[in-house]
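Peer 1: So here's work_0.csv (CSV, N, CA and C atoms).
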```
chain,number,residue,atom,x,y,z
A,259,MET,N,167.9,83.1,39.2
A,259,MET,CA,167.9,84.6,39.2
A,259,MET,C,169.3,85.2,39.4
A,260,GLY,N,170.2,84.4,40.0
A,260,GLY,CA,171.5,84.9,40.2
A,260,GLY,C,171.6,86.0,41.2
A,261,ALA,N,170.7,86.0,42.2
A,261,ALA,CA,170.6,87.0,43.2
A,261,ALA,C,171.2,86.5,44.5
A,262,TRP,N,171.9,87.4,45.3
A,262,TRP,CA,172.4,87.0,46.5
A,262,TRP,C,172.0,87.9,47.7
A,263,GLY,N,171.1,88.8,47.3
A,263,GLY,CA,170.5,89.7,48.3
A,263,GLY,C,169.4,90.5,47.8
A,264,LEU,N,168.8,91.3,48.6
A,264,LEU,CA,167.6,92.1,48.2
A,264,LEU,C,168.0,93.5,47.6
A,265,GLY,N,169.3,93.9,47.8
A,265,GLY,CA,169.7,95.2,47.3
A,265,GLY,C,169.7,95.4,45.8
A,266,PRO,N,169.7,96.6,45.3
A,266,PRO,CA,169.6,96.9,43.9
A,266,PRO,C,170.7,96.4,43.1
A,267,PHE,N,171.9,96.1,43.7
A,267,PHE,CA,173.0,95.6,43.0
A,267,PHE,C,173.4,94.2,43.3
A,268,ASP,N,172.5,93.5,44.1
A,268,ASP,CA,172.7,92.2,44.6
A,268,ASP,C,172.3,91.1,43.7
A,269,ASN,N,172.5,91.2,42.4
A,269,ASN,CA,172.2,90.2,41.4
A,269,ASN,C,173.2,90.3,40.3
A,270,ASP,N,173.3,89.2,39.5
A,270,ASP,CA,174.3,89.1,38.4
A,270,ASP,C,174.1,90.2,37.4
A,271,ASP,N,172.8,90.4,37.0
A,271,ASP,CA,172.5,91.4,36.0
A,271,ASP,C,173.0,92.8,36.4
A,272,ALA,N,172.6,93.2,37.6
A,272,ALA,CA,173.0,94.5,38.1
A,272,ALA,C,174.5,94.7,38.3
A,273,ALA,N,175.1,93.6,38.8
A,273,ALA,CA,176.6,93.6,39.0
A,273,ALA,C,177.3,93.8,37.7
A,274,ASP,N,176.8,93.1,36.7
A,274,ASP,CA,177.4,93.2,35.3
A,274,ASP,C,177.3,94.6,34.8
A,275,TRP,N,176.1,95.2,35.0
A,275,TRP,CA,175.8,96.5,34.5
A,275,TRP,C,176.6,97.5,35.2
A,276,ALA,N,176.7,97.4,36.5
A,276,ALA,CA,177.5,98.3,37.3
A,276,ALA,C,179.0,98.3,36.9
A,277,ASN,N,179.5,97.1,36.6
A,277,ASN,CA,180.9,97.0,36.1
A,277,ASN,C,181.0,97.7,34.7
A,278,GLU,N,180.0,97.5,33.8
A,278,GLU,CA,180.1,98.2,32.5
A,278,GLU,C,180.0,99.7,32.7
A,279,LEU,N,179.3,100.2,33.7
A,279,LEU,CA,179.2,101.6,33.9
A,279,LEU,C,180.5,102.2,34.4
A,280,ASP,N,181.1,101.4,35.3
A,280,ASP,CA,182.5,101.8,35.8
A,280,ASP,C,183.5,101.9,34.7
A,281,ASP,N,183.4,101.0,33.8
A,281,ASP,CA,184.3,100.9,32.6
A,281,ASP,C,184.1,102.0,31.6
A,282,ALA,N,182.9,102.5,31.6
A,282,ALA,CA,182.6,103.5,30.6
A,282,ALA,C,183.3,104.9,30.9
A,283,ALA,N,183.4,105.7,29.8
A,283,ALA,CA,183.9,107.0,30.0
A,283,ALA,C,183.0,107.8,30.9
A,284,PRO,N,183.5,108.6,31.7
A,284,PRO,CA,182.6,109.4,32.6
A,284,PRO,C,181.5,110.2,31.9
A,285,GLU,N,181.8,110.7,30.8
A,285,GLU,CA,180.8,111.5,30.0
A,285,GLU,C,179.7,110.6,29.4
A,286,ASP,N,179.9,109.3,29.4
A,286,ASP,CA,178.9,108.3,28.8
A,286,ASP,C,178.0,107.7,29.9
A,287,ARG,N,178.3,107.8,31.2
A,287,ARG,CA,177.6,107.1,32.2
A,287,ARG,C,176.2,107.5,32.4
A,288,ALA,N,175.9,108.8,32.3
A,288,ALA,CA,174.5,109.2,32.4
A,288,ALA,C,173.7,108.7,31.2
A,289,GLY,N,174.2,108.7,30.1
A,289,GLY,CA,173.5,108.2,28.9
A,289,GLY,C,173.3,106.7,29.0
A,290,LEU,N,174.2,105.9,29.5
A,290,LEU,CA,174.0,104.5,29.7
A,290,LEU,C,172.9,104.2,30.8
A,291,THR,N,172.9,105.1,31.8
A,291,THR,CA,171.9,105.0,32.8
A,291,THR,C,170.5,105.3,32.3
A,292,ARG,N,170.5,106.3,31.5
A,292,ARG,CA,169.2,106.7,30.8
A,292,ARG,C,168.7,105.5,30.0
A,293,ALA,N,169.6,104.9,29.2
A,293,ALA,CA,169.1,103.8,28.3
A,293,ALA,C,168.6,102.6,29.1
A,294,ALA,N,169.2,102.3,30.3
A,294,ALA,CA,168.8,101.2,31.1
A,294,ALA,C,167.4,101.5,31.7
A,295,LEU,N,167.2,102.8,32.1
A,295,LEU,CA,165.9,103.2,32.7
A,295,LEU,C,164.8,103.2,31.7
A,296,ALA,N,165.1,103.7,30.5
A,296,ALA,CA,164.1,103.8,29.4
A,296,ALA,C,163.7,102.5,28.9
A,297,GLU,N,164.6,101.5,28.9
A,297,GLU,CA,164.3,100.2,28.4
A,297,GLU,C,163.2,99.6,29.2
A,298,ALA,N,163.3,99.8,30.5
A,298,ALA,CA,162.3,99.2,31.4
A,298,ALA,C,161.0,100.1,31.4
A,299,ALA,N,161.2,101.4,31.6
A,299,ALA,CA,160.0,102.3,31.7
A,299,ALA,C,159.1,102.3,30.5
A,300,ASP,N,159.7,102.0,29.3
A,300,ASP,CA,159.0,102.1,28.0
A,300,ASP,C,158.4,100.7,27.6
A,301,GLU,N,158.7,99.7,28.4
A,301,GLU,CA,158.3,98.3,28.0
A,301,GLU,C,156.7,98.2,28.2
A,302,ALA,N,156.0,98.0,27.1
A,302,ALA,CA,154.6,97.8,27.1
A,302,ALA,C,154.2,96.4,27.4
A,303,ASP,N,155.0,95.4,27.1
A,303,ASP,CA,154.7,94.0,27.3
A,303,ASP,C,155.3,93.5,28.6
A,304,TYR,N,155.4,92.2,28.7
A,304,TYR,CA,155.9,91.6,29.9
A,304,TYR,C,157.4,92.1,30.0
A,305,LEU,N,157.8,92.6,31.2
A,305,LEU,CA,159.1,93.1,31.5
A,305,LEU,C,160.0,91.9,31.9
A,306,ASP,N,161.1,91.8,31.1
A,306,ASP,CA,162.1,90.7,31.3
A,306,ASP,C,162.9,91.0,32.6
A,307,LEU,N,163.3,89.9,33.3
A,307,LEU,CA,164.0,90.1,34.6
A,307,LEU,C,165.3,90.8,34.4
A,308,GLU,N,166.1,90.5,33.4
A,308,GLU,CA,167.4,91.2,33.2
A,308,GLU,C,167.2,92.7,33.0
A,309,VAL,N,166.2,93.1,32.2
A,309,VAL,CA,165.9,94.5,32.0
A,309,VAL,C,165.5,95.1,33.3
A,310,ALA,N,164.7,94.5,34.1
A,310,ALA,CA,164.2,95.0,35.3
A,310,ALA,C,165.3,95.1,36.3
A,311,ASN,N,166.2,94.1,36.5
A,311,ASN,CA,167.3,94.2,37.4
A,311,ASN,C,168.2,95.3,37.1
A,312,THR,N,168.5,95.5,35.8
A,312,THR,CA,169.4,96.6,35.3
A,312,THR,C,168.7,98.0,35.6
A,313,ALA,N,167.4,98.1,35.4
A,313,ALA,CA,166.7,99.3,35.7
A,313,ALA,C,166.7,99.7,37.2
A,314,VAL,N,166.6,98.7,38.0
A,314,VAL,CA,166.6,98.9,39.4
A,314,VAL,C,168.0,99.4,39.8
A,315,ALA,N,169.0,98.8,39.3
A,315,ALA,CA,170.4,99.3,39.6
A,315,ALA,C,170.6,100.7,39.1
A,316,ALA,N,170.1,101.0,37.9
A,316,ALA,CA,170.2,102.3,37.3
A,316,ALA,C,169.5,103.4,38.1
A,317,ALA,N,168.3,103.0,38.6
A,317,ALA,CA,167.6,104.0,39.5
A,317,ALA,C,168.3,104.2,40.8
A,318,ALA,N,168.9,103.1,41.3
A,318,ALA,CA,169.7,103.3,42.5
A,318,ALA,C,170.9,104.2,42.3
A,319,VAL,N,171.6,104.1,41.1
A,319,VAL,CA,172.7,105.0,40.8
A,319,VAL,C,172.2,106.5,40.8
A,320,VAL,N,171.0,106.7,40.2
A,320,VAL,CA,170.5,108.1,40.2
A,320,VAL,C,170.2,108.5,41.6
A,321,ALA,N,169.6,107.7,42.4
A,321,ALA,CA,169.4,108.0,43.8
A,321,ALA,C,170.7,108.4,44.6
A,322,LEU,N,171.7,107.6,44.3
A,322,LEU,CA,172.9,107.7,45.0
A,322,LEU,C,173.7,109.0,44.6
A,323,THR,N,173.4,109.5,43.4
A,323,THR,CA,174.1,110.7,43.0
A,323,THR,C,173.4,112.0,43.3
A,324,ARG,N,172.2,111.9,43.9
A,324,ARG,CA,171.5,113.1,44.3
A,324,ARG,C,172.3,114.0,45.2
A,325,PRO,N,172.2,115.3,45.0
A,325,PRO,CA,173.0,116.2,45.9
A,325,PRO,C,172.7,116.1,47.4
A,326,ASP,N,171.4,115.9,47.7
A,326,ASP,CA,171.0,115.6,49.1
A,326,ASP,C,170.6,114.2,49.3
A,327,GLY,N,171.2,113.3,48.4
A,327,GLY,CA,170.8,111.9,48.5
A,327,GLY,C,171.4,111.1,49.6
A,328,MET,N,171.2,109.9,49.5
A,328,MET,CA,171.6,109.0,50.6
A,328,MET,C,173.1,108.6,50.5
A,329,LEU,N,173.6,108.1,51.6
A,329,LEU,CA,175.0,107.7,51.6
A,329,LEU,C,175.1,106.4,50.9
A,330,VAL,N,176.3,106.2,50.2
A,330,VAL,CA,176.5,104.9,49.5
A,330,VAL,C,176.9,103.9,50.5
A,331,GLU,N,176.0,103.0,50.8
A,331,GLU,CA,176.4,101.9,51.8
A,331,GLU,C,176.4,100.5,51.1
A,332,ASP,N,176.1,100.5,49.8
A,332,ASP,CA,176.0,99.2,49.1
A,332,ASP,C,177.4,98.9,48.5
A,333,ALA,N,178.0,97.8,49.0
A,333,ALA,CA,179.4,97.5,48.5
A,333,ALA,C,179.4,97.1,47.1
A,334,HIS,N,178.3,96.8,46.5
A,334,HIS,CA,178.2,96.4,45.1
A,334,HIS,C,177.9,97.6,44.1
A,335,ALA,N,177.7,98.7,44.7
A,335,ALA,CA,177.4,99.9,43.8
A,335,ALA,C,178.6,100.2,43.0
A,336,PRO,N,178.4,100.9,41.8
A,336,PRO,CA,179.6,101.2,41.0
A,336,PRO,C,180.6,102.0,41.7
A,337,ASP,N,181.9,101.7,41.4
A,337,ASP,CA,183.0,102.3,42.1
A,337,ASP,C,183.0,103.8,42.0
A,338,PHE,N,182.6,104.3,40.8
A,338,PHE,CA,182.7,105.8,40.6
A,338,PHE,C,181.6,106.5,41.4
A,339,VAL,N,180.5,105.8,41.8
A,339,VAL,CA,179.5,106.4,42.7
A,339,VAL,C,180.1,106.4,44.1
A,340,LYS,N,180.7,105.3,44.5
A,340,LYS,CA,181.2,105.2,45.9
A,340,LYS,C,182.4,106.2,46.1
A,341,ALA,N,183.1,106.5,45.0
A,341,ALA,CA,184.2,107.4,45.1
A,341,ALA,C,183.7,108.9,45.0
A,342,GLY,N,182.4,109.1,44.8
A,342,GLY,CA,181.9,110.5,44.7
A,342,GLY,C,182.3,111.2,43.5
A,343,GLU,N,182.4,110.5,42.4
A,343,GLU,CA,182.8,111.1,41.1
A,343,GLU,C,181.7,111.4,40.1
A,344,PRO,N,180.5,111.0,40.3
A,344,PRO,CA,179.5,111.3,39.2
A,344,PRO,C,179.2,112.8,39.0
A,345,ASP,N,178.8,113.0,37.8
A,345,ASP,CA,178.3,114.4,37.4
A,345,ASP,C,176.9,114.5,37.9
A,346,ALA,N,176.7,115.0,39.1
A,346,ALA,CA,175.3,115.0,39.7
A,346,ALA,C,174.3,115.7,38.8
A,347,ALA,N,174.6,116.7,38.1
A,347,ALA,CA,173.7,117.4,37.3
A,347,ALA,C,173.2,116.6,36.2
A,348,ALA,N,174.0,115.8,35.6
A,348,ALA,CA,173.6,114.9,34.5
A,348,ALA,C,172.7,113.8,35.0
A,349,PHE,N,172.9,113.3,36.2
A,349,PHE,CA,172.0,112.3,36.7
A,349,PHE,C,170.7,112.9,37.3
A,350,ASP,N,170.8,114.1,37.8
A,350,ASP,CA,169.5,114.8,38.3
A,350,ASP,C,168.4,114.8,37.2
A,351,ALA,N,168.8,115.0,36.0
A,351,ALA,CA,167.8,115.0,34.9
A,351,ALA,C,167.1,113.7,34.7
A,352,LEU,N,167.7,112.6,35.3
A,352,LEU,CA,167.1,111.3,35.1
A,352,LEU,C,166.1,110.9,36.2
A,353,VAL,N,165.9,111.8,37.2
A,353,VAL,CA,165.1,111.4,38.3
A,353,VAL,C,163.7,111.0,37.9
A,354,PRO,N,163.0,111.8,37.0
A,354,PRO,CA,161.6,111.3,36.7
A,354,PRO,C,161.6,110.0,35.9
A,355,LEU,N,162.6,109.8,35.1
A,355,LEU,CA,162.7,108.5,34.4
A,355,LEU,C,163.0,107.4,35.3
A,356,ALA,N,163.8,107.6,36.3
A,356,ALA,CA,164.1,106.6,37.3
A,356,ALA,C,162.9,106.2,38.1
A,357,LEU,N,162.1,107.1,38.5
A,357,LEU,CA,160.8,106.8,39.2
A,357,LEU,C,159.9,106.0,38.3
A,358,ARG,N,159.8,106.4,37.0
A,358,ARG,CA,158.9,105.7,36.1
A,358,ARG,C,159.4,104.3,35.9
A,359,ALA,N,160.7,104.1,35.8
A,359,ALA,CA,161.2,102.7,35.6
A,359,ALA,C,160.9,101.9,36.9
A,360,LEU,N,161.1,102.4,38.0
A,360,LEU,CA,160.8,101.7,39.3
A,360,LEU,C,159.3,101.3,39.3
A,361,ASP,N,158.5,102.2,38.9
A,361,ASP,CA,157.0,101.9,38.9
A,361,ASP,C,156.7,100.8,38.0
A,362,ARG,N,157.4,100.8,36.8
A,362,ARG,CA,157.2,99.7,35.8
A,362,ARG,C,157.7,98.3,36.3
A,363,VAL,N,158.8,98.4,37.0
A,363,VAL,CA,159.5,97.1,37.5
A,363,VAL,C,158.6,96.5,38.5
A,364,VAL,N,157.9,97.2,39.4
A,364,VAL,CA,157.1,96.6,40.5
A,364,VAL,C,155.7,96.4,40.0
A,365,ALA,N,155.3,96.8,38.9
A,365,ALA,CA,153.9,96.6,38.4
A,365,ALA,C,153.7,95.2,37.9
A,366,ASP,N,152.4,95.0,37.6
A,366,ASP,CA,152.0,93.7,37.0
A,366,ASP,C,152.8,93.5,35.7
A,367,GLU,N,152.8,92.3,35.2
A,367,GLU,CA,153.5,92.0,33.9
A,367,GLU,C,155.0,92.3,34.0
A,368,SER,N,155.6,92.0,35.2
A,368,SER,CA,157.0,92.2,35.4
A,368,SER,C,157.5,90.9,35.9
A,369,GLU,N,158.5,90.3,35.3
A,369,GLU,CA,159.2,89.1,35.8
A,369,GLU,C,159.9,89.4,37.1
A,370,TRP,N,160.4,90.5,37.3
A,370,TRP,CA,161.0,90.9,38.6
A,370,TRP,C,160.0,90.7,39.7
A,371,ARG,N,158.8,91.3,39.5
A,371,ARG,CA,157.8,91.2,40.5
A,371,ARG,C,157.4,89.7,40.8
A,372,ASP,N,157.2,89.0,39.7
A,372,ASP,CA,156.8,87.6,39.8
A,372,ASP,C,157.8,86.8,40.5
A,373,VAL,N,159.1,87.0,40.2
A,373,VAL,CA,160.2,86.2,40.9
A,373,VAL,C,160.2,86.5,42.4
A,374,TRP,N,160.1,87.8,42.8
A,374,TRP,CA,160.1,88.1,44.2
A,374,TRP,C,158.9,87.7,44.9
A,375,GLU,N,157.7,87.7,44.2
A,375,GLU,CA,156.5,87.2,44.9
A,375,GLU,C,156.6,85.7,45.1
A,376,GLU,N,157.1,85.0,44.1
A,376,GLU,CA,157.2,83.5,44.2
A,376,GLU,C,158.2,83.1,45.3
A,377,ALA,N,159.2,84.0,45.5
A,377,ALA,CA,160.1,83.7,46.6
A,377,ALA,C,159.6,84.1,48.0
A,378,GLY,N,158.4,84.8,48.0
A,378,GLY,CA,157.8,85.2,49.2
A,378,GLY,C,158.6,86.4,49.8
A,379,SER,N,159.3,87.2,49.0
A,379,SER,CA,160.1,88.3,49.5
A,379,SER,C,159.7,89.6,48.8
A,380,PHE,N,158.6,89.7,48.2
A,380,PHE,CA,158.3,90.9,47.5
A,380,PHE,C,158.2,92.1,48.4
A,381,ASP,N,157.6,92.0,49.6
A,381,ASP,CA,157.5,93.1,50.5
A,381,ASP,C,158.9,93.5,51.1
A,382,ASP,N,159.7,92.5,51.2
A,382,ASP,CA,161.1,92.7,51.7
A,382,ASP,C,161.9,93.5,50.7
A,383,VAL,N,161.8,93.1,49.4
A,383,VAL,CA,162.6,93.8,48.4
A,383,VAL,C,162.0,95.2,48.2
A,384,LEU,N,160.7,95.4,48.3
A,384,LEU,CA,160.2,96.8,48.2
A,384,LEU,C,160.7,97.6,49.4
A,385,ALA,N,160.8,97.1,50.6
A,385,ALA,CA,161.3,97.8,51.7
A,385,ALA,C,162.8,98.2,51.5
A,386,GLU,N,163.5,97.3,50.9
A,386,GLU,CA,164.9,97.6,50.6
A,386,GLU,C,165.1,98.7,49.6
A,387,LEU,N,164.1,98.8,48.6
A,387,LEU,CA,164.2,99.9,47.6
A,387,LEU,C,163.6,101.2,48.1
A,388,GLY,N,162.9,101.2,49.2
A,388,GLY,CA,162.3,102.4,49.8
A,388,GLY,C,163.2,103.6,49.9
A,389,PRO,N,164.4,103.4,50.5
A,389,PRO,CA,165.2,104.6,50.7
A,389,PRO,C,165.7,105.2,49.3
A,390,TYR,N,165.9,104.3,48.4
A,390,TYR,CA,166.3,104.8,47.0
A,390,TYR,C,165.1,105.6,46.4
A,391,ARG,N,163.9,105.1,46.5
A,391,ARG,CA,162.8,105.8,46.0
A,391,ARG,C,162.6,107.1,46.7
A,392,GLU,N,162.8,107.1,48.0
A,392,GLU,CA,162.7,108.3,48.8
A,392,GLU,C,163.7,109.4,48.4
A,393,ALA,N,165.0,108.9,48.1
A,393,ALA,CA,166.0,109.8,47.7
A,393,ALA,C,165.7,110.4,46.3
A,394,LEU,N,164.9,109.7,45.5
A,394,LEU,CA,164.4,110.2,44.2
A,394,LEU,C,163.2,111.1,44.4
A,395,GLY,N,162.7,111.2,45.6
A,395,GLY,CA,161.5,112.1,45.8
A,395,GLY,C,160.2,111.4,45.5
A,396,GLY,N,160.2,110.1,45.4
A,396,GLY,CA,159.0,109.4,45.0
A,396,GLY,C,158.4,108.5,46.1
```
What would the structure in this file look like if it were written as structure tokens?
Peer 2:
Amino acid sequence: MGAWGLGPFDNDDAADWANELDDAAPEDRAGLTRAALAEAADEADYLDLEVANTAVAAAAVVALTRPDGMLVEDAHAPDFVKAGEPDAAAFDALVPLALRALDRVVADESEWRDVWEEAGSFDDVLAELGPYREALGG
């Protein structure tokens, strides 16, 4: 799985995506986040782990950019988020999609769910995601 923790950025897929987001032009970041969320949210078949990991990271980015959102405490979050540079209005429009993507990731027919259940850590990883979901209003 390439995971080293329960946090939304604590795996290879999420870390790679966060780096790509940091490298993107500021005006492209919300669109890249939307694409990552939509890929997971719209998957009707079995959800691949890489897609799910990226969607969880994307949902966390949206949560971290909320005007009344949470503090960025995750060392692996994208640098532009930690620096307080995101266009909050562009990311606010992604809140419903972020919630839908998270719902899809934790649902049945998700490799992300299967991996965490097999590891005996599904409840722990859900608890880790709780504050991000709360920041999204879900």
Peer 1: If you take only N, CA and C atoms and a cut-off of 7 Å, which residues of region 354-385 of chain A touch region 289-301 of chain A, and what are their nearest atom pairs and distances in Å to one decimal, in chain and number order, as JSON lines?
Peer 2:
```
{"residue": "A:Leu355", "atom": "C", "partner": "A:Leu295", "partner_atom": "CA", "distance": 5.7}
{"residue": "A:Ala356", "atom": "CA", "partner": "A:Leu295", "partner_atom": "CA", "distance": 6.0}
{"residue": "A:Arg358", "atom": "C", "partner": "A:Ala299", "partner_atom": "CA", "distance": 4.7}
{"residue": "A:Ala359", "atom": "CA", "partner": "A:Ala299", "partner_atom": "CA", "distance": 4.1}
{"residue": "A:Leu360", "atom": "N", "partner": "A:Ala299", "partner_atom": "CA", "distance": 6.4}
{"residue": "A:Arg362", "atom": "CA", "partner": "A:Ala299", "partner_atom": "CA", "distance": 5.6}
{"residue": "A:Val363", "atom": "N", "partner": "A:Ala298", "partner_atom": "C", "distance": 6.3}
```
Peer 1: Each residue of region 278-315 of chain A lying at most 6 Å from region 370-392 of chain A should get a row with its shortest atom-to-atom pair and the distance in Å to one decimal, counting all atoms listed in the file; could you produce that, ordered by chain and increasing number, as JSON lines?
Peer 2:
```
{"residue": "A:Leu305", "atom": "C", "partner": "A:Trp370", "partner_atom": "N", "distance": 5.6}
{"residue": "A:Asp306", "atom": "C", "partner": "A:Trp370", "partner_atom": "N", "distance": 5.3}
{"residue": "A:Leu307", "atom": "CA", "partner": "A:Trp370", "partner_atom": "N", "distance": 4.5}
```
Peer 1: Select, from A:Ser368, A:Ala283, A:Asp345, A:His334, the residue with the minimum atom-to-atom distance to Asp268 (chain A), counting only N, CA and C atoms.
Peer 2: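 Under the stated criterion, the closest residue is A:His334.
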Peer 1: Which residues, written as JSON, numbers by chain, have at least one atom at most 10 Å from Val319 (chain A), with only C-alpha atoms counted and residues fewer than 6 positions away on the same chain left out?
Peer 2: {"A": [266, 267, 276, 288, 291, 313, 330, 335, 336, 339, 340, 344, 349, 356, 390]}
Peer 1: Using atom C of Phe338 (chain A) and CA of Glu278 (chain A) as the two end points, give the distance in Å to one decimal.
Peer 2: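 Between atom C of Phe338 (chain A) and CA of Glu278 (chain A) the gap works out to 12.3 Å.
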Peer 1: Counting all atoms listed in the file, which of A:Glu331, A:Asp366, A:Arg324, A:Asn311 gets nearest to Ala346 (chain A)?
Peer 2: A:Arg324
Peer 1: Tell me, in Å to one decimal, how far atom N of Ala316 (chain A) is from atom C of Pro284 (chain A).
Peer 2: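 These two atoms are separated by 15.8 Å.
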Peer 1: Return as a ChimeraX atom specification the full set of residues in chain A whose backbone-based DSSP assignment is alpha helix (DSSP H).
Peer 2: /A:270-281,287-299,307-322,337-340,346-350,353-364,369-376,380-393
Peer 1: Work out how far apart CA of Asp271 (chain A) and atom C of Thr312 (chain A) are and give it in Å to one decimal.
Peer 2: 7.6 Å
Peer 1: Give the answer as one residue: which of A:Val353, A:Ala333, A:Val309, A:Ala341 has the shortest atom-to-atom distance to Gly263 (chain A), using only C-alpha atoms?
Peer 2: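 Among the listed residues, A:Ala333 lies closest to Gly263 (chain A).
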Peer 1: So, counting only C-alpha atoms, which residue among A:Ala273, A:Asp337, A:Ala393, A:Ala310 is closest to Pro354 (chain A)?
Peer 2: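 Looking only at the distances to Pro354 (chain A), the closest residue turns out to be A:Ala393.
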Peer 1: Kindly write N, CA and C atoms of region 279-300 of chain A from the structure just given to a file, as a JSON list (two decimals), in the first residue's frame.
Peer 2:
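Dumped everything to out-v1.json:
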```json
[["chain", "number", "residue", "atom", "x", "y", "z"],
["A", 279, "LEU", "N", 0.23, 18.78, -7.06],
["A", 279, "LEU", "CA", -0.61, 19.94, -6.80],
["A", 279, "LEU", "C", 0.24, 21.16, -6.47],
["A", 280, "ASP", "N", 1.27, 20.96, -5.67],
["A", 280, "ASP", "CA", 2.18, 22.07, -5.35],
["A", 280, "ASP", "C", 2.88, 22.60, -6.59],
["A", 281, "ASP", "N", 3.23, 21.70, -7.51],
["A", 281, "ASP", "CA", 3.94, 22.09, -8.73],
["A", 281, "ASP", "C", 3.04, 22.75, -9.76],
["A", 282, "ALA", "N", 1.74, 22.58, -9.63],
["A", 282, "ALA", "CA", 0.79, 23.14, -10.59],
["A", 282, "ALA", "C", 0.66, 24.65, -10.40],
["A", 283, "ALA", "N", 0.25, 25.30, -11.47],
["A", 283, "ALA", "CA", -0.04, 26.73, -11.38],
["A", 283, "ALA", "C", -1.19, 26.94, -10.39],
["A", 284, "PRO", "N", -1.15, 27.99, -9.60],
["A", 284, "PRO", "CA", -2.20, 28.22, -8.61],
["A", 284, "PRO", "C", -3.61, 28.18, -9.19],
["A", 285, "GLU", "N", -3.78, 28.69, -10.39],
["A", 285, "GLU", "CA", -5.12, 28.70, -10.99],
["A", 285, "GLU", "C", -5.58, 27.32, -11.45],
["A", 286, "ASP", "N", -4.69, 26.34, -11.48],
["A", 286, "ASP", "CA", -5.04, 24.98, -11.91],
["A", 286, "ASP", "C", -5.32, 24.04, -10.74],
["A", 287, "ARG", "N", -5.01, 24.45, -9.53],
["A", 287, "ARG", "CA", -5.08, 23.54, -8.38],
["A", 287, "ARG", "C", -6.50, 23.09, -8.06],
["A", 288, "ALA", "N", -7.46, 23.98, -8.11],
["A", 288, "ALA", "CA", -8.84, 23.58, -7.82],
["A", 288, "ALA", "C", -9.34, 22.60, -8.87],
["A", 289, "GLY", "N", -8.98, 22.80, -10.13],
["A", 289, "GLY", "CA", -9.39, 21.89, -11.19],
["A", 289, "GLY", "C", -8.77, 20.51, -11.03],
["A", 290, "LEU", "N", -7.52, 20.45, -10.64],
["A", 290, "LEU", "CA", -6.87, 19.16, -10.39],
["A", 290, "LEU", "C", -7.51, 18.45, -9.20],
["A", 291, "THR", "N", -7.89, 19.23, -8.21],
["A", 291, "THR", "CA", -8.57, 18.67, -7.04],
["A", 291, "THR", "C", -9.95, 18.14, -7.43],
["A", 292, "ARG", "N", -10.66, 18.91, -8.23],
["A", 292, "ARG", "CA", -11.97, 18.46, -8.72],
["A", 292, "ARG", "C", -11.84, 17.14, -9.49],
["A", 293, "ALA", "N", -10.85, 17.04, -10.35],
["A", 293, "ALA", "CA", -10.65, 15.82, -11.14],
["A", 293, "ALA", "C", -10.38, 14.62, -10.25],
["A", 294, "ALA", "N", -9.57, 14.79, -9.23],
["A", 294, "ALA", "CA", -9.26, 13.68, -8.32],
["A", 294, "ALA", "C", -10.50, 13.24, -7.55],
["A", 295, "LEU", "N", -11.29, 14.19, -7.12],
["A", 295, "LEU", "CA", -12.52, 13.87, -6.39],
["A", 295, "LEU", "C", -13.54, 13.19, -7.29],
["A", 296, "ALA", "N", -13.71, 13.72, -8.49],
["A", 296, "ALA", "CA", -14.71, 13.18, -9.41],
["A", 296, "ALA", "C", -14.36, 11.76, -9.84],
["A", 297, "GLU", "N", -13.07, 11.49, -10.03],
["A", 297, "GLU", "CA", -12.68, 10.15, -10.45],
["A", 297, "GLU", "C", -13.14, 9.10, -9.45],
["A", 298, "ALA", "N", -13.03, 9.40, -8.18],
["A", 298, "ALA", "CA", -13.49, 8.46, -7.16],
["A", 298, "ALA", "C", -15.01, 8.50, -7.01],
["A", 299, "ALA", "N", -15.57, 9.69, -6.92],
["A", 299, "ALA", "CA", -17.01, 9.83, -6.66],
["A", 299, "ALA", "C", -17.85, 9.21, -7.76],
["A", 300, "ASP", "N", -17.37, 9.25, -8.99],
["A", 300, "ASP", "CA", -18.14, 8.76, -10.13],
["A", 300, "ASP", "C", -17.86, 7.31, -10.50]]
```
